[in-house]
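Asks: Questions regarding the structure given below will be posed in turn.
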Amino acid sequence: MILAIHLSLAQVAATLALVAIAAAVSGWQRADLERDIAVATFRSFLQLTAIGYVIKLIFDQNKLIFVLALIAAMVIFGAFTARRRARRVPGAFWPLLIALALAGTATLALVVALGVFQARARYLVPVGGMVIGNAMTAAAVALNRLGDDIADAAPQIEATLALGATAGQAMRPILQRSLRSGMIPLIDSTKTTGLIFFPGTMVGMLLAGAAPIDAVRLQLTLLYVLLGSVALAALTAVLLAYRNFFTSAHQLREPC
Amino acid sequence: MLFSLEQISYRRAGRAVLSDLTADLAEGTTALVGPSGAGKSTLLRLLNRLADPHAGTVHYRGRDVRDYDVLALRREVALVPQLPALLAGTVANNVSYGPRLRGEECDIDCALALAGLDASFAGRTAYQLSVGEQQRVMLARALALEPRVLLLDEPTAALDERARDAIERTLLEVSARMSAGLIFVTHDRAQARRLADRLVHIDNGRIATGLGPRP
Ligand SMILES: Nc1ncnc2c1ncn2[C@@H]1O[C@H](COP(=O)(O)OP(=O)(O)OP(=O)(O)O)[C@@H](O)[C@H]1O
Ligand SMILES: [Mg+2]
């Protein structure tokens, strides 16, 4: 059983000393980031505290409907956030929303079905949050790349369409590249995990007093879950979003 | 009539590129001439529906182009764009791409030869060719579709005289054999005279001089 650790607010406040170092470095080197550092510190405090109470409420209730509501909220917020990073993709919101919803629900359903985690708020909420967060990053990176590549390769795409290719056929190489750029960061970090950095879950479990082997096993489980969900999210987002660049007559739309 | 354009208007990035353009392009060989930026490349794109005009209609053989299956239309009316835009891989991969989309074989060496390239090019990497060579692969790739109409956007702009003469011979041969149509853009009046049955002059998105007989 995990030993709970308690930190007082004073202990949290003490770590502001490190934030002060960041601000000092920025001020001294004129990096002009003091404001951003302050905003980041303040926002993280507010957001995490708020979500902490929400999660506490959901854990106490332990009703699946609350879990679903929270995950739905994360999916919607994630789709909005990712859309901002995929500016050159027209109508990116729906593909992102569907991609995150699919990645989140399919992954959670699968881990429950496989008996990895029980269908309880205590497991579904943190795993869902992690899955959706990573899926969002992957989908945003993939769509960002998609938008850039289509803008750069418009003459090639049109030349391929001119040979009688469908939009999907003309997009094959670009879709592959977008999918790859969405998935590669997680694959790379999974490769080096433990060597160059300790992933967050493991750090959390160790700090909370868990046995190292338990911490490692949970971390591995989550890493493998993430690989699958990230692939699903990037694939879904790319396959749904590229259609918005074309008319039904396989014409590349003018960028707006 | 091969193509009839009725009061075509087309904008790009908010600017009028073609304005109320009406023209008939008959069978045979037509040269499109006119100053840079006049809208010649844009006009070709409308003929195989890479884009649709914002107003007006394009007819191909008496039917609105929108009534054709668009993929079949593009195979039948093949466009060779102004700038080479080859696929990754070998020249052979590029030439056989169109037929392969339909699960068909094609004679790569024959298509290359028509475009003035010998068979040794088949295995070369497309990106490593010179611009003139790439342009000829683009032509070979379009010929491999066995189109009924060929739209060529400055097909010899990057070529020396000898390569240009070879392409011109090919075009004369192909247009005789295809008995349908060849529409090409050129800045070279002499070339237009050598190849074309008629000249269409475009200026500022409009037809400047009507369809004259062979100059
Ligand atoms: N992708 C684009 N976005 C915005 N405007 C464009 C685009 N492509 C072409 N145009 C504009 O459309 C007009 C016609 O271009 P087009 O390429 O048809 O000219 P052209 O007659 O083929 O010229 P050239 O002889 O230089 O090839 C030009 O004014 C050009 O600036
Ligand atoms: Mg042009």
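So you can find residues: chains in the structure tokens are A, B, ... in the order shown, residues in each start at 1, and ligands are numbered from 1 in order.
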Find the residues of chain A that sit at most 9 Å from chain B; for each, write down the nearest two atoms and how far apart they are in Å, to one decimal. Count only C-alpha atoms. Sort by chain, then by number going up, and give it as CSV.
Replies:
residue,atom,partner,partner_atom,distance
A:Ala153,CA,B:Ala85,CA,8.9
A:Pro155,CA,B:Ala85,CA,6.4
A:Gln156,CA,B:Ala85,CA,4.9
A:Ile157,CA,B:Ala85,CA,8.4
A:Glu158,CA,B:Leu50,CA,7.1
A:Ala159,CA,B:Ala85,CA,6.3
A:Thr160,CA,B:Leu87,CA,8.0
A:Leu161,CA,B:Leu50,CA,7.6
A:Ala162,CA,B:Arg74,CA,5.7
A:Leu163,CA,B:Gly98,CA,5.4
A:Gly164,CA,B:Leu71,CA,4.7
A:Ala165,CA,B:Leu101,CA,6.9
A:Thr166,CA,B:Leu71,CA,7.2
A:Gln169,CA,B:Leu101,CA,8.5
A:Pro173,CA,B:Ala88,CA,8.9
A:Ala249,CA,B:Val70,CA,6.3
A:His250,CA,B:Val70,CA,7.8
A:Gln251,CA,B:Leu50,CA,5.4
A:Leu252,CA,B:Leu50,CA,7.4
A:Arg253,CA,B:Ala51,CA,8.3
A:Glu254,CA,B:Ala13,CA,7.6
A:Pro255,CA,B:Ala13,CA,8.2
A:Cys256,CA,B:Ala13,CA,7.9
Asks: Can you write just those residues out, N, CA, C and O atoms, as a tab-separated table (two decimals), in the first residue's frame?
Replies:
chain	number	residue	atom	x	y	z
A	153	ALA	N	3.76	21.93	-50.02
A	153	ALA	CA	3.76	20.95	-51.11
A	153	ALA	C	2.56	21.11	-52.04
A	153	ALA	O	2.26	20.20	-52.80
A	155	PRO	N	2.06	22.57	-54.90
A	155	PRO	CA	2.29	22.21	-56.32
A	155	PRO	C	2.41	20.70	-56.54
A	155	PRO	O	1.86	20.17	-57.51
A	156	GLN	N	3.10	20.01	-55.64
A	156	GLN	CA	3.23	18.56	-55.77
A	156	GLN	C	1.87	17.89	-55.65
A	156	GLN	O	1.54	16.98	-56.41
A	157	ILE	N	1.08	18.33	-54.67
A	157	ILE	CA	-0.23	17.71	-54.47
A	157	ILE	C	-1.09	17.90	-55.72
A	157	ILE	O	-1.70	16.95	-56.22
A	158	GLU	N	-1.08	19.12	-56.26
A	158	GLU	CA	-1.90	19.36	-57.45
A	158	GLU	C	-1.39	18.58	-58.64
A	158	GLU	O	-2.19	18.08	-59.45
A	159	ALA	N	-0.07	18.46	-58.76
A	159	ALA	CA	0.47	17.69	-59.89
A	159	ALA	C	0.04	16.23	-59.78
A	159	ALA	O	-0.21	15.57	-60.78
A	160	THR	N	-0.05	15.72	-58.56
A	160	THR	CA	-0.47	14.33	-58.37
A	160	THR	C	-1.97	14.18	-58.63
A	160	THR	O	-2.41	13.21	-59.25
A	161	LEU	N	-2.75	15.16	-58.17
A	161	LEU	CA	-4.18	15.14	-58.48
A	161	LEU	C	-4.41	15.15	-59.99
A	161	LEU	O	-5.31	14.48	-60.50
A	162	ALA	N	-3.54	15.89	-60.69
A	162	ALA	CA	-3.70	16.01	-62.14
A	162	ALA	C	-3.49	14.66	-62.84
A	162	ALA	O	-3.87	14.51	-63.99
A	163	LEU	N	-2.88	13.70	-62.16
A	163	LEU	CA	-2.69	12.38	-62.76
A	163	LEU	C	-3.87	11.46	-62.46
A	163	LEU	O	-3.80	10.26	-62.73
A	164	GLY	N	-4.92	12.00	-61.88
A	164	GLY	CA	-6.09	11.18	-61.60
A	164	GLY	C	-6.08	10.57	-60.21
A	164	GLY	O	-6.87	9.67	-59.93
A	165	ALA	N	-5.20	11.05	-59.33
A	165	ALA	CA	-5.18	10.54	-57.96
A	165	ALA	C	-6.31	11.17	-57.15
A	165	ALA	O	-6.70	12.31	-57.41
A	166	THR	N	-6.85	10.44	-56.20
A	166	THR	CA	-7.81	11.03	-55.27
A	166	THR	C	-7.03	11.89	-54.27
A	166	THR	O	-5.81	11.80	-54.19
A	169	GLN	N	-5.01	9.65	-52.08
A	169	GLN	CA	-3.81	9.11	-52.71
A	169	GLN	C	-2.73	10.18	-52.84
A	169	GLN	O	-1.55	9.92	-52.59
A	173	PRO	N	2.08	10.54	-48.92
A	173	PRO	CA	3.37	10.82	-48.27
A	173	PRO	C	3.25	11.85	-47.15
A	173	PRO	O	3.92	11.74	-46.12
A	249	ALA	N	-14.58	17.43	-55.10
A	249	ALA	CA	-14.09	17.10	-56.44
A	249	ALA	C	-12.56	16.93	-56.44
A	249	ALA	O	-11.93	17.11	-57.48
A	250	HIS	N	-12.01	16.57	-55.30
A	250	HIS	CA	-10.55	16.36	-55.20
A	250	HIS	C	-9.77	17.57	-55.69
A	250	HIS	O	-8.84	17.45	-56.47
A	251	GLN	N	-10.19	18.74	-55.26
A	251	GLN	CA	-9.46	19.97	-55.56
A	251	GLN	C	-8.87	20.49	-54.25
A	251	GLN	O	-9.56	20.50	-53.23
A	252	LEU	N	-7.63	20.94	-54.33
A	252	LEU	CA	-7.01	21.55	-53.16
A	252	LEU	C	-7.63	22.93	-52.98
A	252	LEU	O	-7.65	23.74	-53.90
A	253	ARG	N	-8.16	23.20	-51.78
A	253	ARG	CA	-8.78	24.50	-51.54
A	253	ARG	C	-7.73	25.59	-51.44
A	253	ARG	O	-6.60	25.32	-51.02
A	254	GLU	N	-8.13	26.81	-51.78
A	254	GLU	CA	-7.25	27.96	-51.55
A	254	GLU	C	-7.05	28.11	-50.06
A	254	GLU	O	-8.01	28.05	-49.31
A	255	PRO	N	-5.83	28.36	-49.62
A	255	PRO	CA	-5.65	28.63	-48.21
A	255	PRO	C	-6.37	29.93	-47.83
A	255	PRO	O	-6.36	30.87	-48.63
A	256	CYS	N	-7.02	29.95	-46.66
A	256	CYS	CA	-7.72	31.19	-46.34
A	256	CYS	C	-6.96	32.02	-45.30
A	256	CYS	O	-5.92	31.68	-44.88
Asks: Please provide the set of residues having any atom within 12 Å of A:Val111, restricted to only C-alpha atoms, with same-chain residues fewer than 3 positions apart removed, written as JSON, numbers by chain.
Replies: {"A": [104, 105, 106, 107, 108, 114, 115, 116, 117, 118, 119, 120, 123, 124, 127, 128, 131, 221, 222, 224, 225, 226, 228, 229]}
Asks: As a quick test: using only C-alpha atoms and all ligand atoms, which residues lie no more than 9 Å away from ligand 2? Give them as a ChimeraX atom specification.
Replies: /B:36-42,81-83,153-154,185-186
Asks: Output N, CA, C and O atoms for every residue in the selection just made, as a PDB file, in the first residue's frame.
Replies:
ATOM      1  N   SER B  36       3.471  37.600 -68.637  1.00  0.00           N
ATOM      2  CA  SER B  36       3.564  36.908 -67.351  1.00  0.00           C
ATOM      3  C   SER B  36       2.493  37.431 -66.397  1.00  0.00           C
ATOM      4  O   SER B  36       2.275  38.637 -66.309  1.00  0.00           O
ATOM      5  N   GLY B  37       1.825  36.516 -65.729  1.00  0.00           N
ATOM      6  CA  GLY B  37       0.791  36.914 -64.783  1.00  0.00           C
ATOM      7  C   GLY B  37      -0.565  37.130 -65.428  1.00  0.00           C
ATOM      8  O   GLY B  37      -1.518  37.519 -64.761  1.00  0.00           O
ATOM      9  N   ALA B  38      -0.671  36.870 -66.729  1.00  0.00           N
ATOM     10  CA  ALA B  38      -1.923  37.136 -67.442  1.00  0.00           C
ATOM     11  C   ALA B  38      -3.027  36.158 -67.057  1.00  0.00           C
ATOM     12  O   ALA B  38      -4.206  36.464 -67.212  1.00  0.00           O
ATOM     13  N   GLY B  39      -2.654  34.976 -66.590  1.00  0.00           N
ATOM     14  CA  GLY B  39      -3.670  33.991 -66.201  1.00  0.00           C
ATOM     15  C   GLY B  39      -3.653  32.737 -67.061  1.00  0.00           C
ATOM     16  O   GLY B  39      -4.610  31.957 -67.050  1.00  0.00           O
ATOM     17  N   LYS B  40      -2.552  32.502 -67.768  1.00  0.00           N
ATOM     18  CA  LYS B  40      -2.482  31.340 -68.667  1.00  0.00           C
ATOM     19  C   LYS B  40      -2.470  30.031 -67.882  1.00  0.00           C
ATOM     20  O   LYS B  40      -3.239  29.113 -68.170  1.00  0.00           O
ATOM     21  N   SER B  41      -1.605  29.957 -66.862  1.00  0.00           N
ATOM     22  CA  SER B  41      -1.542  28.730 -66.054  1.00  0.00           C
ATOM     23  C   SER B  41      -2.868  28.489 -65.345  1.00  0.00           C
ATOM     24  O   SER B  41      -3.343  27.353 -65.233  1.00  0.00           O
ATOM     25  N   THR B  42      -3.459  29.579 -64.880  1.00  0.00           N
ATOM     26  CA  THR B  42      -4.742  29.479 -64.192  1.00  0.00           C
ATOM     27  C   THR B  42      -5.810  28.892 -65.110  1.00  0.00           C
ATOM     28  O   THR B  42      -6.587  28.026 -64.703  1.00  0.00           O
ATOM     29  N   PRO B  81       2.199  20.605 -65.418  1.00  0.00           N
ATOM     30  CA  PRO B  81       2.300  21.949 -64.852  1.00  0.00           C
ATOM     31  C   PRO B  81       3.614  22.645 -65.227  1.00  0.00           C
ATOM     32  O   PRO B  81       4.549  22.026 -65.711  1.00  0.00           O
ATOM     33  N   GLN B  82       3.613  23.950 -64.963  1.00  0.00           N
ATOM     34  CA  GLN B  82       4.751  24.791 -65.351  1.00  0.00           C
ATOM     35  C   GLN B  82       6.017  24.408 -64.597  1.00  0.00           C
ATOM     36  O   GLN B  82       7.101  24.376 -65.172  1.00  0.00           O
ATOM     37  N   LEU B  83       5.875  24.154 -63.293  1.00  0.00           N
ATOM     38  CA  LEU B  83       7.044  23.804 -62.504  1.00  0.00           C
ATOM     39  C   LEU B  83       7.052  22.306 -62.267  1.00  0.00           C
ATOM     40  O   LEU B  83       6.021  21.722 -61.954  1.00  0.00           O
ATOM     41  N   ASP B 153       2.072  23.406 -69.810  1.00  0.00           N
ATOM     42  CA  ASP B 153       2.373  24.755 -69.349  1.00  0.00           C
ATOM     43  C   ASP B 153       3.862  25.024 -69.546  1.00  0.00           C
ATOM     44  O   ASP B 153       4.693  24.576 -68.760  1.00  0.00           O
ATOM     45  N   GLU B 154       4.190  25.725 -70.601  1.00  0.00           N
ATOM     46  CA  GLU B 154       5.574  26.051 -70.957  1.00  0.00           C
ATOM     47  C   GLU B 154       6.463  24.811 -70.924  1.00  0.00           C
ATOM     48  O   GLU B 154       7.403  24.721 -70.139  1.00  0.00           O
ATOM     49  N   VAL B 185       0.995  26.454 -73.304  1.00  0.00           N
ATOM     50  CA  VAL B 185       1.348  27.832 -73.000  1.00  0.00           C
ATOM     51  C   VAL B 185       2.782  28.042 -73.459  1.00  0.00           C
ATOM     52  O   VAL B 185       3.626  27.168 -73.264  1.00  0.00           O
ATOM     53  N   THR B 186       3.034  29.154 -74.070  1.00  0.00           N
ATOM     54  CA  THR B 186       4.421  29.440 -74.431  1.00  0.00           C
ATOM     55  C   THR B 186       4.656  30.943 -74.479  1.00  0.00           C
ATOM     56  O   THR B 186       3.730  31.731 -74.687  1.00  0.00           O
TER      57      THR B 186
END
Asks: If we count only C-alpha atoms, what is near stretch 120-128 of chain B at a cut-off of 10 Å, once residues fewer than 5 positions away on the same chain are taken out, given as a ChimeraX atom specification?
Replies: /B:85-95,108-109,112-113,133-134,137
Asks: Only C-alpha atoms, please: the residues just picked out, written as a compact mmCIF listing (two decimals), in the first residue's frame.
Replies:
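Saved file result05.txt follows:
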# COMPACT_ATOMS: atom_id res chain seq x y z
CA ALA B 85 6.68 18.52 -59.18
CA LEU B 86 7.80 14.91 -59.14
CA LEU B 87 7.08 12.25 -56.54
CA ALA B 88 9.86 10.83 -54.40
CA GLY B 89 11.49 7.70 -55.80
CA THR B 90 12.68 6.78 -59.24
CA VAL B 91 11.72 8.16 -62.62
CA ALA B 92 10.03 4.82 -63.38
CA ASN B 93 7.95 5.19 -60.22
CA ASN B 94 6.81 8.59 -61.44
CA VAL B 95 6.00 7.52 -64.98
CA ILE B 108 7.83 3.18 -69.17
CA ASP B 109 10.59 3.12 -71.80
CA LEU B 112 10.37 8.18 -71.68
CA ALA B 113 11.44 7.91 -75.30
CA GLU B 133 15.09 16.50 -67.30
CA GLN B 134 12.41 16.74 -64.63
CA VAL B 137 9.73 13.23 -66.90
Asks: Using DSSP on the backbone, list every residue of stretch 34-182 of chain B that comes out as strand (DSSP E), and give them as a list in words.
Replies: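 Strand (DSSP E) assignments inside stretch 34-182 of chain B correspond to Ala55, Gly56, Thr57, Val58, His59, Tyr60, Arg63, Asp64, Val77, Ala78, Leu79, Val80, Val149, Leu150, Leu151, Leu152, Asp153, Gly181 and Leu182 of chain B.
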Asks: Counting only C-alpha atoms, which residue out of A:Arg85, A:Ala231, A:Phe246, A:Phe198 sits closest to A:Ala215?
Replies: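 Nearest candidate to A:Ala215 out of A:Arg85, A:Ala231, A:Phe246, A:Phe198: A:Phe198.
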Asks: Skip B:Thr30 itself and residues of its chain fewer than 5 positions away, then list as a list in words all residues within 8 Å of it, counting only C-alpha atoms.
Replies: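 With the cut-off at 8 Å, the set is Leu25, Gly181, Leu182, Ile183, Phe184, Ala196, Asp197, Arg198, Leu199 and Val200 of chain B.
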Asks: Just the residues within 12 Å of B:Arg194, please, counting only C-alpha atoms, with nothing from its chain fewer than 6 positions along; format it as a ChimeraX atom specification.
Replies: /B:29-31,164-165,168-169,171-172,186,188,214-215
Asks: Selected residues, C-alpha atoms, written as a CSV table (one decimal), in the first residue's frame, please.
Replies:
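Result file follows (again36.csv):
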chain,number,residue,atom,x,y,z
B,29,THR,CA,-3.3,22.5,-81.3
B,30,THR,CA,-3.8,25.8,-79.5
B,31,ALA,CA,-1.1,28.0,-78.2
B,164,ARG,CA,13.3,21.6,-77.3
B,165,ASP,CA,13.3,20.4,-80.9
B,168,GLU,CA,8.3,19.7,-80.4
B,169,ARG,CA,8.7,16.6,-82.6
B,171,LEU,CA,4.2,17.0,-79.6
B,172,LEU,CA,3.5,17.1,-83.3
B,186,THR,CA,4.4,29.4,-74.4
B,188,ASP,CA,8.0,31.7,-77.7
B,214,ARG,CA,-2.9,29.8,-88.1
B,215,PRO,CA,-0.6,32.9,-88.0
Asks: Got a sec to tell me which of stretch 156-238 of chain A DSSP assigns to alpha helix (DSSP H), as a PyMOL selection string?
Replies: chain A and resi 156-161+167-192+200-207+212-238
Asks: Convert the current residue selection to file output with C-alpha atoms, as a tab-separated table (two decimals), in the first residue's frame.
Replies:
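And here's selection07.tsv as it stands now:
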chain	number	residue	atom	x	y	z
A	156	GLN	CA	3.23	18.56	-55.77
A	157	ILE	CA	-0.23	17.71	-54.47
A	158	GLU	CA	-1.90	19.36	-57.45
A	159	ALA	CA	0.47	17.69	-59.89
A	160	THR	CA	-0.47	14.33	-58.37
A	161	LEU	CA	-4.18	15.14	-58.48
A	167	ALA	CA	-7.12	13.51	-52.49
A	168	GLY	CA	-6.24	10.60	-50.21
A	169	GLN	CA	-3.81	9.11	-52.71
A	170	ALA	CA	-2.17	12.46	-53.39
A	171	MET	CA	-1.79	13.00	-49.64
A	172	ARG	CA	-0.23	9.63	-48.82
A	173	PRO	CA	3.37	10.82	-48.27
A	174	ILE	CA	2.25	13.88	-46.33
A	175	LEU	CA	-0.14	11.91	-44.12
A	176	GLN	CA	2.68	9.52	-43.29
A	177	ARG	CA	4.98	12.37	-42.32
A	178	SER	CA	2.32	14.05	-40.18
A	179	LEU	CA	1.55	10.82	-38.37
A	180	ARG	CA	5.24	10.23	-37.77
A	181	SER	CA	5.84	13.68	-36.36
A	182	GLY	CA	2.90	13.23	-33.99
A	183	MET	CA	4.17	9.89	-32.68
A	184	ILE	CA	7.94	10.28	-32.69
A	185	PRO	CA	8.35	12.46	-29.58
A	186	LEU	CA	6.63	9.91	-27.34
A	187	ILE	CA	8.41	6.97	-28.96
A	188	ASP	CA	11.75	8.69	-28.47
A	189	SER	CA	11.06	9.59	-24.87
A	190	THR	CA	9.87	6.02	-24.25
A	191	LYS	CA	13.17	4.77	-25.65
A	192	THR	CA	15.27	6.86	-23.32
A	200	GLY	CA	6.44	11.58	-13.63
A	201	THR	CA	4.41	8.65	-12.44
A	202	MET	CA	7.49	6.82	-11.23
A	203	VAL	CA	8.78	9.90	-9.48
A	204	GLY	CA	5.40	10.36	-7.80
A	205	MET	CA	5.21	6.77	-6.62
A	206	LEU	CA	8.76	6.80	-5.29
A	207	LEU	CA	8.15	10.04	-3.43
A	212	PRO	CA	10.77	0.80	-6.77
A	213	ILE	CA	9.61	-2.31	-8.66
A	214	ASP	CA	5.96	-1.35	-8.18
A	215	ALA	CA	6.72	2.16	-9.36
A	216	VAL	CA	8.46	0.79	-12.45
A	217	ARG	CA	5.63	-1.59	-13.32
A	218	LEU	CA	2.99	1.08	-13.08
A	219	GLN	CA	5.13	3.41	-15.15
A	220	LEU	CA	5.64	0.76	-17.84
A	221	THR	CA	1.92	0.10	-17.98
A	222	LEU	CA	1.20	3.76	-18.49
A	223	LEU	CA	3.93	4.21	-21.10
A	224	TYR	CA	2.56	1.36	-23.18
A	225	VAL	CA	-0.98	2.64	-22.80
A	226	LEU	CA	0.19	6.06	-23.96
A	227	LEU	CA	1.89	4.67	-27.08
A	228	GLY	CA	-1.39	3.17	-28.23
A	229	SER	CA	-3.52	6.17	-27.42
A	230	VAL	CA	-1.14	8.64	-29.01
A	231	ALA	CA	-1.09	6.62	-32.23
A	232	LEU	CA	-4.89	6.50	-32.27
A	233	ALA	CA	-5.21	10.22	-31.64
A	234	ALA	CA	-2.66	11.30	-34.26
A	235	LEU	CA	-4.09	8.93	-36.87
A	236	THR	CA	-7.69	9.98	-36.29
A	237	ALA	CA	-6.90	13.70	-36.27
A	238	VAL	CA	-4.82	13.52	-39.45
Asks: Given the choices B:Gly56, B:Gly62, B:Gly116, B:Pro35, which gets closest to B:Leu5 if the distance is worked out from only C-alpha atoms?
Replies: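 Distance minimum relative to B:Leu5 lands on B:Gly56.
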Asks: Mind giving me the straight-line distance from atom CA of A:Ala121 to atom CA of A:Ile58 in Å, one decimal?
Replies: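 Answer for the atom CA of A:Ala121 to atom CA of A:Ile58 separation: 6.8 Å.
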